[in-house]
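So this block is data15.tsv, TSV, C-alpha atoms:
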```tsv
chain	number	residue	atom	x	y	z
V	8	MET	CA	0.00	0.00	0.00
V	9	LYS	CA	2.85	2.37	0.82
V	10	LYS	CA	4.38	1.82	-2.64
V	11	LEU	CA	0.99	2.39	-4.29
V	12	LEU	CA	0.50	5.68	-2.43
V	13	THR	CA	4.01	6.75	-3.38
V	14	ALA	CA	3.36	5.97	-7.05
V	15	LEU	CA	0.09	7.88	-7.00
V	16	LEU	CA	1.84	10.82	-5.38
V	17	VAL	CA	4.52	10.83	-8.08
V	18	LEU	CA	1.88	10.77	-10.84
V	19	ALA	CA	-0.04	13.55	-9.14
V	20	VAL	CA	3.08	15.69	-9.02
V	21	ILE	CA	3.81	14.92	-12.68
V	22	SER	CA	0.32	16.01	-13.73
V	23	SER	CA	0.40	19.21	-11.72
V	24	ALA	CA	0.66	22.61	-13.34
V	25	ALA	CA	4.06	23.31	-11.75
V	26	PHE	CA	6.81	21.78	-13.86
V	27	ALA	CA	10.01	22.19	-11.89
V	28	ASP	CA	13.03	19.91	-11.84
V	29	ALA	CA	11.41	16.87	-13.41
V	30	PRO	CA	13.07	13.69	-12.09
V	31	PHE	CA	13.16	12.17	-15.60
V	32	HIS	CA	12.54	13.08	-19.23
V	33	ILE	CA	10.52	11.45	-22.02
V	34	GLY	CA	11.60	12.06	-25.62
V	35	VAL	CA	8.86	12.28	-28.24
V	36	VAL	CA	9.66	12.38	-31.97
V	37	THR	CA	6.95	12.99	-34.58
V	38	GLY	CA	6.59	14.22	-38.12
V	39	THR	CA	5.81	17.84	-38.89
V	40	VAL	CA	2.40	19.46	-39.36
V	41	SER	CA	2.59	19.02	-43.14
V	42	GLN	CA	3.13	15.24	-43.04
V	43	SER	CA	1.47	14.05	-39.82
V	44	GLU	CA	-0.24	16.82	-37.91
V	45	ASP	CA	-2.19	14.52	-35.58
V	46	ASP	CA	0.97	12.81	-34.34
V	47	LEU	CA	2.44	16.20	-33.49
V	48	ARG	CA	-0.73	17.36	-31.71
V	49	GLY	CA	-0.43	14.32	-29.44
V	50	ALA	CA	3.02	15.54	-28.43
V	51	GLU	CA	1.56	18.96	-27.69
V	52	ALA	CA	-1.07	17.31	-25.47
V	53	LEU	CA	1.68	15.58	-23.50
V	54	ILE	CA	3.52	18.88	-23.09
V	55	ALA	CA	0.33	20.55	-21.87
V	56	GLU	CA	-0.17	17.76	-19.35
V	57	TYR	CA	3.39	17.04	-18.22
V	58	GLY	CA	5.37	20.13	-19.23
V	59	ALA	CA	8.23	20.69	-21.65
V	60	VAL	CA	11.82	19.97	-20.64
V	61	ALA	CA	12.72	23.58	-21.41
V	62	ASP	CA	10.24	24.66	-18.72
V	63	GLY	CA	11.39	22.10	-16.15
V	64	GLY	CA	8.86	19.47	-17.30
V	65	TYR	CA	9.07	15.95	-18.63
V	66	ILE	CA	8.57	16.06	-22.40
V	67	GLN	CA	11.25	16.77	-25.01
V	68	HIS	CA	9.60	17.00	-28.43
V	69	MET	CA	11.52	16.77	-31.72
V	70	THR	CA	10.47	16.34	-35.37
V	71	TYR	CA	12.03	14.37	-38.20
V	72	PRO	CA	12.29	15.70	-41.80
V	73	ASP	CA	9.30	15.63	-44.14
V	74	ASN	CA	11.45	13.87	-46.73
V	75	PHE	CA	12.43	11.18	-44.26
V	76	MET	CA	13.08	8.58	-46.96
V	77	GLU	CA	15.91	10.71	-48.38
V	78	GLU	CA	17.11	11.98	-45.00
V	79	GLN	CA	17.31	8.83	-42.90
V	80	GLU	CA	20.64	9.85	-41.38
V	81	THR	CA	19.05	13.05	-40.09
V	82	THR	CA	16.10	11.08	-38.71
V	83	ILE	CA	18.44	8.66	-36.95
V	84	SER	CA	20.47	11.55	-35.56
V	85	VAL	CA	17.39	13.32	-34.19
V	86	ILE	CA	16.17	10.18	-32.39
V	87	ARG	CA	19.60	9.03	-31.23
V	88	GLY	CA	20.46	12.50	-29.90
V	89	LEU	CA	17.81	12.20	-27.18
V	90	ALA	CA	20.00	9.63	-25.42
V	91	ASP	CA	22.57	12.36	-24.69
V	92	ASP	CA	20.23	13.72	-22.00
V	93	PRO	CA	21.21	11.95	-18.74
V	94	LEU	CA	17.62	12.27	-17.47
V	95	MET	CA	16.11	10.63	-20.56
V	96	LYS	CA	14.24	7.45	-19.59
V	97	ALA	CA	12.05	6.73	-22.63
V	98	VAL	CA	11.90	7.67	-26.32
V	99	ILE	CA	8.70	7.51	-28.37
V	100	VAL	CA	8.70	7.80	-32.16
V	101	ASN	CA	5.35	8.19	-33.94
V	102	GLN	CA	5.21	7.48	-36.78
V	103	ALA	CA	8.26	5.23	-36.57
V	104	VAL	CA	9.55	5.92	-40.08
V	105	PRO	CA	12.48	4.06	-41.69
V	106	GLY	CA	15.62	4.58	-39.62
V	107	THR	CA	13.83	4.26	-36.28
V	108	ALA	CA	15.03	0.69	-35.68
V	109	GLU	CA	18.64	1.72	-36.27
V	110	ALA	CA	18.24	4.77	-34.02
V	111	PHE	CA	16.85	2.57	-31.25
V	112	ARG	CA	19.75	0.15	-31.70
V	113	GLN	CA	22.20	2.99	-31.27
V	114	ILE	CA	20.35	4.27	-28.20
V	115	LYS	CA	20.47	0.82	-26.60
V	116	GLU	CA	24.23	0.61	-27.23
V	117	VAL	CA	24.91	3.64	-25.04
V	118	ARG	CA	21.80	3.76	-22.82
V	119	PRO	CA	20.22	0.33	-22.34
V	120	ASP	CA	18.10	1.84	-19.55
V	121	ILE	CA	16.08	3.95	-22.00
V	122	LEU	CA	12.74	2.43	-23.04
V	123	CYS	CA	12.10	2.68	-26.79
V	124	PHE	CA	8.53	2.88	-28.11
V	125	ALA	CA	7.59	2.79	-31.81
V	126	GLY	CA	4.16	4.02	-32.88
V	127	GLU	CA	2.89	2.98	-36.32
V	128	ALA	CA	6.17	1.46	-37.45
V	129	HIS	CA	6.96	1.70	-41.18
V	130	GLU	CA	9.71	-0.89	-40.96
V	131	GLU	CA	9.11	-4.63	-41.07
V	132	PRO	CA	7.76	-6.09	-37.80
V	133	TYR	CA	10.79	-8.32	-37.19
V	134	LEU	CA	13.10	-5.32	-37.63
V	135	ILE	CA	11.37	-2.84	-35.35
V	136	ALA	CA	10.46	-5.52	-32.78
V	137	GLY	CA	14.15	-6.43	-32.63
V	138	SER	CA	15.16	-3.01	-31.34
V	139	ALA	CA	12.02	-1.49	-29.74
V	140	ASP	CA	10.80	-2.37	-26.27
V	141	LEU	CA	7.26	-1.91	-27.60
V	142	ALA	CA	5.87	-1.30	-31.08
V	143	THR	CA	2.23	-0.56	-31.84
V	144	SER	CA	0.45	-0.38	-35.16
V	145	ASN	CA	-3.04	0.04	-36.45
V	146	ASP	CA	-4.52	-3.44	-36.74
V	147	PHE	CA	-3.96	-4.00	-40.44
V	148	VAL	CA	-5.29	-7.56	-40.14
V	149	ALA	CA	-8.64	-6.79	-38.51
V	150	ARG	CA	-9.11	-3.52	-40.40
V	151	GLY	CA	-8.45	-5.18	-43.76
V	152	TYR	CA	-11.59	-7.19	-43.13
V	153	LEU	CA	-13.63	-4.58	-41.25
V	154	MET	CA	-13.21	-1.72	-43.74
V	155	ILE	CA	-14.54	-3.87	-46.58
V	156	ARG	CA	-17.35	-5.22	-44.38
V	157	THR	CA	-18.32	-1.65	-43.45
V	158	ALA	CA	-18.27	-0.51	-47.10
V	159	HIS	CA	-20.52	-3.46	-47.97
V	160	GLU	CA	-22.94	-2.59	-45.17
V	161	LEU	CA	-23.07	0.99	-46.47
V	162	GLY	CA	-24.16	-0.35	-49.86
V	163	CYS	CA	-20.89	-0.08	-51.78
V	164	GLN	CA	-20.27	-2.41	-54.72
V	165	THR	CA	-16.65	-1.46	-55.43
V	166	PHE	CA	-13.60	-0.70	-53.29
V	167	VAL	CA	-10.75	1.37	-54.78
V	168	HIS	CA	-7.34	1.00	-53.10
V	169	ILE	CA	-4.92	3.89	-53.84
V	170	SER	CA	-1.22	3.36	-53.09
V	171	PHE	CA	2.33	3.26	-54.52
V	172	PRO	CA	5.28	0.82	-54.57
V	173	ARG	CA	7.02	2.01	-51.37
V	174	HIS	CA	3.94	1.35	-49.29
V	175	LEU	CA	3.02	-1.88	-51.08
V	176	ALA	CA	6.47	-3.24	-50.26
V	177	MET	CA	5.61	-3.15	-46.54
V	178	GLU	CA	4.45	-6.48	-45.13
V	179	LYS	CA	1.54	-5.03	-43.18
V	180	MET	CA	0.18	-3.21	-46.22
V	181	GLN	CA	0.60	-6.31	-48.39
V	182	ARG	CA	-1.33	-8.39	-45.86
V	183	ARG	CA	-4.08	-5.79	-45.40
V	184	ARG	CA	-4.53	-5.47	-49.16
V	185	ALA	CA	-4.74	-9.26	-49.56
V	186	ILE	CA	-7.36	-9.47	-46.81
V	187	MET	CA	-9.31	-6.66	-48.47
V	188	ILE	CA	-9.27	-8.48	-51.82
V	189	GLN	CA	-10.40	-11.77	-50.28
V	190	THR	CA	-13.14	-10.05	-48.28
V	191	CYS	CA	-14.38	-8.34	-51.46
V	192	ASN	CA	-14.44	-11.75	-53.15
V	193	GLU	CA	-16.47	-13.26	-50.31
V	194	LEU	CA	-18.95	-10.36	-50.24
V	195	GLY	CA	-19.35	-10.09	-54.01
V	196	MET	CA	-17.62	-6.71	-54.33
V	197	GLN	CA	-15.12	-5.50	-56.93
V	198	PHE	CA	-11.62	-4.59	-55.71
V	199	VAL	CA	-9.61	-2.11	-57.78
V	200	ASP	CA	-5.91	-1.22	-57.42
V	201	VAL	CA	-4.96	2.34	-58.33
V	202	SER	CA	-1.42	3.73	-58.32
V	203	ALA	CA	-0.68	7.33	-57.32
V	204	PRO	CA	2.57	9.31	-56.87
V	205	ASP	CA	4.52	8.87	-53.63
V	206	PRO	CA	4.56	12.22	-51.75
V	207	THR	CA	8.20	11.58	-50.76
V	208	SER	CA	9.23	11.29	-54.43
V	209	ASP	CA	10.38	14.11	-56.70
V	210	VAL	CA	6.81	15.35	-57.27
V	211	GLY	CA	6.52	16.11	-53.55
V	212	ILE	CA	3.35	16.49	-51.53
V	213	ALA	CA	1.88	19.16	-53.84
V	214	GLY	CA	2.34	17.05	-56.97
V	215	ALA	CA	0.90	13.94	-55.34
V	216	GLN	CA	-2.15	15.86	-54.12
V	217	GLN	CA	-2.72	17.45	-57.52
V	218	TYR	CA	-2.76	14.00	-59.10
V	219	ILE	CA	-5.50	12.86	-56.71
V	220	LEU	CA	-7.54	16.01	-57.39
V	221	GLU	CA	-7.38	15.44	-61.13
V	222	ARG	CA	-8.00	11.70	-61.20
V	223	THR	CA	-10.71	11.20	-58.56
V	224	PRO	CA	-13.59	12.53	-60.74
V	225	GLU	CA	-12.48	10.11	-63.47
V	226	TRP	CA	-12.43	7.19	-61.03
V	227	ILE	CA	-15.91	8.00	-59.77
V	228	LYS	CA	-17.21	8.22	-63.34
V	229	GLN	CA	-15.57	4.88	-64.16
V	230	TYR	CA	-16.59	2.90	-61.07
V	231	GLY	CA	-19.77	4.67	-59.98
V	232	GLU	CA	-20.92	6.56	-56.91
V	233	ASN	CA	-21.46	3.35	-54.90
V	234	THR	CA	-17.69	3.02	-54.61
V	235	ALA	CA	-15.63	3.29	-51.44
V	236	PHE	CA	-12.16	4.82	-51.76
V	237	PHE	CA	-9.12	4.23	-49.56
V	238	CYS	CA	-5.59	5.66	-49.77
V	239	THR	CA	-2.56	4.38	-47.87
V	240	ASN	CA	-0.94	7.83	-47.52
V	241	ASP	CA	-1.96	10.76	-45.30
V	242	ALA	CA	-1.11	13.43	-47.88
V	243	HIS	CA	-3.51	11.90	-50.43
V	244	THR	CA	-6.43	12.03	-48.01
V	245	GLU	CA	-7.48	15.69	-48.18
V	246	PRO	CA	-7.74	15.96	-51.98
V	247	LEU	CA	-9.53	12.60	-52.13
V	248	LEU	CA	-12.12	13.70	-49.56
V	249	LYS	CA	-12.61	17.02	-51.32
V	250	GLN	CA	-13.45	15.35	-54.60
V	251	LEU	CA	-15.64	12.65	-53.04
V	252	LEU	CA	-17.72	15.37	-51.42
V	253	THR	CA	-18.16	17.02	-54.80
V	254	TYR	CA	-18.58	14.05	-57.14
V	255	GLY	CA	-19.92	11.24	-54.92
V	256	GLY	CA	-18.49	8.04	-53.52
V	257	TYR	CA	-17.77	6.73	-50.01
V	258	PHE	CA	-14.88	6.93	-47.57
V	259	VAL	CA	-14.94	4.45	-44.66
V	260	GLU	CA	-11.89	5.77	-42.80
V	261	ALA	CA	-8.35	6.97	-43.39
V	262	ASP	CA	-5.27	4.79	-43.24
V	263	LEU	CA	-4.54	6.49	-39.91
V	264	PRO	CA	-8.06	7.58	-38.98
V	265	SER	CA	-8.97	10.92	-37.41
V	266	PRO	CA	-11.61	13.64	-37.84
V	267	LEU	CA	-8.58	15.88	-38.46
V	268	MET	CA	-7.14	13.64	-41.18
V	269	GLY	CA	-7.96	15.52	-44.36
V	270	TYR	CA	-11.44	16.65	-43.33
V	271	PRO	CA	-10.80	20.29	-42.27
V	272	GLY	CA	-9.08	21.20	-45.53
V	273	ALA	CA	-11.52	19.25	-47.68
V	274	LEU	CA	-14.51	20.85	-45.93
V	275	GLY	CA	-13.00	24.33	-45.71
V	276	ILE	CA	-13.55	24.65	-41.96
V	277	ASP	CA	-11.44	26.23	-39.23
V	278	LEU	CA	-10.97	24.07	-36.13
V	279	SER	CA	-8.53	26.30	-34.25
V	280	ALA	CA	-11.14	27.11	-31.59
V	281	GLU	CA	-11.77	23.37	-31.03
V	282	ALA	CA	-8.08	22.37	-30.92
V	283	GLY	CA	-7.55	19.37	-28.64
V	284	ASP	CA	-11.30	18.89	-28.01
V	285	PHE	CA	-12.10	15.87	-30.16
V	286	PRO	CA	-15.84	15.65	-29.37
V	287	ALA	CA	-16.12	19.29	-30.49
V	288	ILE	CA	-13.91	18.64	-33.52
V	289	LEU	CA	-15.99	15.64	-34.58
V	290	ALA	CA	-19.25	17.58	-34.11
V	291	LYS	CA	-18.05	20.44	-36.32
V	292	VAL	CA	-16.70	18.10	-39.01
V	293	GLU	CA	-19.91	16.08	-38.95
V	294	GLN	CA	-22.06	19.21	-39.26
V	295	ALA	CA	-20.07	20.30	-42.31
V	296	ILE	CA	-20.32	16.81	-43.84
V	297	VAL	CA	-24.12	16.89	-43.48
V	298	GLU	CA	-24.36	20.43	-44.85
V	299	GLN	CA	-22.30	19.46	-47.91
V	300	GLY	CA	-24.41	16.39	-48.68
V	301	GLY	CA	-22.08	13.71	-47.34
V	302	ALA	CA	-24.25	12.23	-44.56
V	303	GLY	CA	-23.87	8.45	-44.32
V	304	ARG	CA	-20.96	8.38	-46.80
V	305	PHE	CA	-17.95	9.39	-44.68
V	306	GLY	CA	-16.41	7.68	-41.68
V	307	THR	CA	-13.56	8.14	-39.22
V	308	TRP	CA	-12.39	7.21	-35.78
V	309	ALA	CA	-13.98	9.64	-33.36
V	310	TYR	CA	-10.56	10.35	-31.88
V	311	SER	CA	-7.40	10.71	-33.91
V	312	TYR	CA	-5.30	7.56	-34.10
V	313	GLY	CA	-2.06	9.50	-34.56
V	314	TYR	CA	-2.88	11.86	-31.69
V	315	THR	CA	-3.86	8.98	-29.40
V	316	THR	CA	-0.80	6.90	-30.25
V	317	THR	CA	1.63	9.71	-29.40
V	318	ALA	CA	-0.21	10.70	-26.23
V	319	GLY	CA	-1.07	7.14	-25.19
V	320	LEU	CA	2.49	5.84	-25.57
V	321	GLY	CA	3.73	8.91	-23.70
V	322	SER	CA	1.36	8.19	-20.84
V	323	LEU	CA	2.38	4.51	-20.88
V	324	ALA	CA	6.03	5.55	-20.67
V	325	ILE	CA	5.32	7.87	-17.74
V	326	GLU	CA	3.57	5.04	-15.88
V	327	ALA	CA	6.35	2.55	-16.62
V	328	VAL	CA	9.19	4.84	-15.53
V	329	THR	CA	7.30	5.97	-12.43
V	330	ALA	CA	6.70	2.34	-11.44
V	331	GLU	CA	10.38	1.53	-11.93
V	332	MET	CA	11.42	4.48	-9.77
V	333	ASN	CA	9.19	3.12	-7.03
V	334	GLY	CA	10.52	-0.43	-7.32
V	335	GLU	CA	7.30	-1.78	-8.81
V	336	ASP	CA	6.68	-4.13	-11.72
V	337	TYR	CA	4.96	-2.73	-14.79
V	338	ASP	CA	4.22	-4.64	-17.99
V	339	ILE	CA	4.50	-2.31	-21.00
V	340	HIS	CA	3.45	-5.21	-23.27
V	341	SER	CA	0.11	-5.73	-21.54
V	342	ILE	CA	-2.74	-5.02	-23.94
V	343	ARG	CA	-4.75	-3.99	-20.90
V	344	ASN	CA	-2.19	-1.31	-19.99
V	345	ILE	CA	-1.95	-0.14	-23.60
V	346	ARG	CA	-5.74	0.08	-24.00
V	347	LYS	CA	-6.01	1.90	-20.67
V	348	ASN	CA	-3.53	4.59	-21.70
V	349	PHE	CA	-5.01	4.94	-25.17
V	350	SER	CA	-8.55	5.13	-23.73
V	351	LYS	CA	-7.41	7.94	-21.43
V	352	TYR	CA	-7.45	10.18	-24.51
V	353	THR	CA	-10.58	8.72	-26.18
V	354	PRO	CA	-13.47	8.74	-23.68
V	355	GLY	CA	-16.51	6.92	-25.06
V	356	ALA	CA	-14.74	5.21	-27.97
V	357	ASN	CA	-14.04	1.48	-27.85
V	358	TRP	CA	-10.68	-0.12	-28.68
V	359	ASN	CA	-9.68	-3.65	-29.56
V	360	GLY	CA	-6.42	-5.31	-30.52
V	361	SER	CA	-4.09	-8.29	-30.40
V	362	ASN	CA	-0.44	-9.25	-30.61
V	363	TYR	CA	1.14	-9.36	-34.04
V	364	VAL	CA	1.50	-12.90	-35.42
V	365	ASN	CA	3.84	-13.66	-38.33
V	366	ALA	CA	1.56	-15.21	-40.95
V	367	THR	CA	4.32	-17.48	-42.30
V	368	THR	CA	6.09	-18.69	-39.16
V	369	LYS	CA	3.09	-18.24	-36.81
V	370	GLU	CA	5.46	-16.61	-34.31
V	371	THR	CA	3.71	-14.25	-31.87
V	372	TYR	CA	5.52	-11.00	-31.06
V	373	ASP	CA	4.89	-10.09	-27.43
V	374	ASN	CA	6.32	-6.58	-27.92
V	375	PHE	CA	4.33	-5.76	-31.10
V	376	VAL	CA	0.66	-4.93	-30.51
V	377	LEU	CA	-2.01	-4.17	-33.13
V	378	VAL	CA	-4.82	-1.80	-32.10
V	379	TYR	CA	-7.98	-0.34	-33.62
V	380	GLN	CA	-10.85	1.93	-32.62
V	381	ASP	CA	-14.50	1.55	-33.63
V	382	THR	CA	-15.55	3.20	-36.90
V	383	TYR	CA	-17.88	6.21	-36.69
V	384	ILE	CA	-20.08	7.08	-39.70
V	385	MET	CA	-20.94	10.76	-39.82
V	386	GLY	CA	-24.54	11.75	-40.48
V	387	ASP	CA	-27.68	13.17	-38.94
V	388	PRO	CA	-27.29	11.47	-36.56
V	389	GLY	CA	-23.97	9.70	-36.84
V	390	TYR	CA	-23.38	6.23	-35.43
V	391	TYR	CA	-20.69	3.71	-34.51
V	392	MET	CA	-20.49	0.56	-36.63
V	393	GLY	CA	-19.76	-1.67	-33.63
V	394	ASN	CA	-16.63	-2.99	-35.36
V	395	THR	CA	-14.74	-3.60	-32.12
V	396	ASP	CA	-17.34	-6.26	-31.29
V	397	VAL	CA	-17.21	-8.00	-34.69
V	398	GLU	CA	-15.40	-11.35	-34.78
V	399	VAL	CA	-12.74	-11.22	-37.49
V	400	PRO	CA	-12.58	-14.57	-39.38
V	401	ASP	CA	-9.60	-16.80	-38.61
V	402	TRP	CA	-8.53	-16.93	-42.25
V	403	CYS	CA	-7.58	-13.24	-42.10
V	404	PHE	CA	-4.75	-13.97	-39.66
V	405	SER	CA	-3.17	-16.62	-41.89
V	406	MET	CA	-2.92	-14.54	-45.08
V	407	THR	CA	0.68	-13.63	-45.90
V	408	GLY	CA	0.03	-10.83	-48.40
V	409	LYS	CA	1.52	-12.82	-51.27
V	410	GLU	CA	-1.78	-14.35	-52.35
V	411	PHE	CA	-2.71	-11.58	-54.81
V	412	ASN	CA	0.65	-10.21	-55.96
```
Let's see the structure in the file written out as structure tokens.
Amino acid sequence: MKKLLTALLVLAVISSAAFADAPFHIGVVTGTVSQSEDDLRGAEALIAEYGAVADGGYIQHMTYPDNFMEEQETTISVIRGLADDPLMKAVIVNQAVPGTAEAFRQIKEVRPDILCFAGEAHEEPYLIAGSADLATSNDFVARGYLMIRTAHELGCQTFVHISFPRHLAMEKMQRRRAIMIQTCNELGMQFVDVSAPDPTSDVGIAGAQQYILERTPEWIKQYGENTAFFCTNDAHTEPLLKQLLTYGGYFVEADLPSPLMGYPGALGIDLSAEAGDFPAILAKVEQAIVEQGGAGRFGTWAYSYGYTTTAGLGSLAIEAVTAEMNGEDYDIHSIRNIRKNFSKYTPGANWNGSNYVNATTKETYDNFVLVYQDTYIMGDPGYYMGNTDVEVPDWCFSMTGKEFN
């Protein structure tokens, strides 16, 4: 009981408004506003709650380059540099872009005491799991099935999958795509692959977005308005939503779902007054969707996945380090602990998840956890699909991603 009271006291002090002489630091690395705004806003939430290192608080926030594929050495340097702080006890990277595994390896070489957390890892599961203490990802297995099932329940006859070679080379995206194709086959829907420019290529974000703006009306004309569209890249989302609102079609949820993912720009609304208040953000986005004729055609997670991952992993790290300082055991791999810390930032929204299982070897990764939130369809009124209660068929977990190459 004495240890419990001490731990609670430490957490109370951490969450207080006075950030002076923090006993430890947590490093948080995200993308910039242009590439992954939600991830960055989660870091800002942690700073608001626990204080910035510069002000005597706990959180040291850094960003990696937008063109992270071409600047991996810079990305590694940014992450690795956090280990130079003698008070650093945990490092969180969300999204964990290529180079994160190597940065974690270098951190562990000099500071094995630092906990390394990877949110939405871009690198192969075996690679990031080999250097991270914990990696989390959106549940590409369950969602591959559930997104198609939701589109079918909404009345869609076709599902268009928009991506590019870099993403399709990732195991998790290969497996999700294969599950989507098989689910379409079982439900009598058409699956269509569409290629679009990679925003990290020479065309940049602007060129990739212009391509989506120009082609979406053609796709809708070709496949019909009862078509659901999905893109694997954040930067493609806003122009896709904008054109779907204008020309028809459905959008179940983003690759990394959030009411902030593409919707504000596509709808032409200002959410600065609602910043950080996701119920208010969702309400304003939903109102605009209804006013622009999109009721029942557009979905999201009620709370941002990127925001929740950054904030939730930060909160998990705070709990873990606090427990260690008080001589207590704390399991960072526990799905219960992960769901608790994620749910802290998503009141009212259900989560589900499971450990990653290699489809070929059947090996279960205890330190790699897949998570997903229920899908919310915006309308008048909007409603949850109840996807976190749906039983995902066993065959989904055995697909390797090679079945439809």
query: What lies within 10 Å of Val117 in chain V using all atoms listed in the file, ignoring chain neighbours under 5 positions off, as a ChimeraX atom specification?
result: /V:87,90-91,112
Using the selection just defined, write its residues with C-alpha atoms as a PDB file, keeping the file's coordinate frame.
```
ATOM      1  CA  ARG V  87      19.600   9.030 -31.230  1.00  0.00           C
ATOM      2  CA  ALA V  90      20.000   9.630 -25.420  1.00  0.00           C
ATOM      3  CA  ASP V  91      22.570  12.360 -24.690  1.00  0.00           C
ATOM      4  CA  ARG V 112      19.750   0.150 -31.700  1.00  0.00           C
TER       5      ARG V 112
END
```
message: Applying 12 Å and only C-alpha atoms, which residues near Leu175 in chain V remain after dropping the ones on its own chain fewer than 5 positions away? List them as a PyMOL selection string.
response: chain V and resi 129+168-170+180-185+200-203+205+238-240+408-409+411-412
Nearby residues (only C-alpha atoms) at most 12 Å from range 37-43 of chain V, same-chain spacing under 5 positions excluded, as a VMD selection string: chain V and resid 48 to 51 67 to 75 82 85 to 86 98 to 104 107 125 to 128 206 to 207 211 to 213 240 to 245 262 to 265 267 to 269 311 to 314 316 to 318
- request: Kindly give the distance, in Å, that separates CA of Gly64 in chain V and CA of Arg118 in chain V, rounded to a single decimal.
  value: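 Separation between CA of Gly64 in chain V and CA of Arg118 in chain V: 21.1 Å.
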- prompt: For the atom pair CA of His174 in chain V and CA of Met406 in chain V, what is the interatomic distance in Å to one decimal place?
  reply: 17.8 Å
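The shell of residues at most 8 Å from Gly360 in chain V, with all atoms listed in the file counted and near chain neighbours (fewer than 4 positions) removed, consists of V:Asp146, V:Ile342, V:Val376, V:Leu377, V:Val378, V:Tyr379.
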Interface rows for range 113-231 of chain V against range 383-404 of chain V: nearest pair, Å to one decimal, 12 Å, all atoms listed in the file, as a tab-separated table:
```
residue	atom	partner	partner_atom	distance
V:Asp146	CA	V:Phe404	CA	10.9
V:Phe147	CA	V:Phe404	CA	10.0
V:Val148	CA	V:Cys403	CA	6.4
V:Ala149	CA	V:Val399	CA	6.1
V:Arg150	CA	V:Val399	CA	9.0
V:Gly151	CA	V:Cys403	CA	8.3
V:Tyr152	CA	V:Val399	CA	7.0
V:Leu153	CA	V:Asn394	CA	6.8
V:Met154	CA	V:Asn394	CA	9.1
V:Ile155	CA	V:Asn394	CA	11.4
V:Arg156	CA	V:Asn394	CA	9.3
V:Thr157	CA	V:Met392	CA	7.5
V:Ala158	CA	V:Ile384	CA	10.8
V:Glu160	CA	V:Met392	CA	9.4
V:Leu161	CA	V:Ile384	CA	9.6
V:Lys179	CA	V:Phe404	CA	11.5
V:Arg182	CA	V:Cys403	CA	8.8
V:Arg183	CA	V:Cys403	CA	8.9
V:Arg184	CA	V:Cys403	CA	10.9
V:Ala185	CA	V:Cys403	CA	8.9
V:Ile186	CA	V:Cys403	CA	6.0
V:Met187	CA	V:Cys403	CA	9.3
V:Ile188	CA	V:Cys403	CA	11.0
V:Gln189	CA	V:Cys403	CA	8.8
V:Thr190	CA	V:Cys403	CA	8.9
V:Glu193	CA	V:Pro400	CA	11.7
```
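Using only C-alpha atoms, the smallest distance between any of V:Met177, V:Val60, V:Ala97, V:Leu252 and Leu320 in chain V comes from V:Ala97.
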- request: Can you work out which one of V:Glu293, V:Val167, V:Ala282, V:Ile325 has the shortest atom-to-atom distance to Gln229 in chain V, counting only C-alpha atoms?
  value: V:Val167
task: Find, counting all atoms listed in the file, the residue in V:Val328, V:Leu89, V:Leu323, V:Leu141 that gets nearest to Lys351 in chain V.
output: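 Residue with the minimum atom-to-atom distance to Lys351 in chain V: V:Leu323.
Of note, CA of Asn362 in chain V and CA of Lys347 in chain V are spaced 15.9 Å apart.
Minimum atom-to-atom distances from V:Met76, V:Ala235, V:Ala356, V:Ala324 to Phe285 in chain V were compared using only C-alpha atoms, and the lowest value belongs to V:Ala356.
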- prompt: Which residue gives the smallest distance to Ile121 in chain V among V:Lys291, V:Phe258, V:Ala327, V:Thr307, with all atoms listed in the file counted?
  reply: V:Ala327
- prompt: Closest to Phe305 in chain V among V:Thr353, V:Thr368, V:Asn374, V:Thr234, using only C-alpha atoms?
  reply: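 Between V:Thr353, V:Thr368, V:Asn374, V:Thr234, the residue approaching Phe305 in chain V most closely is V:Thr234.
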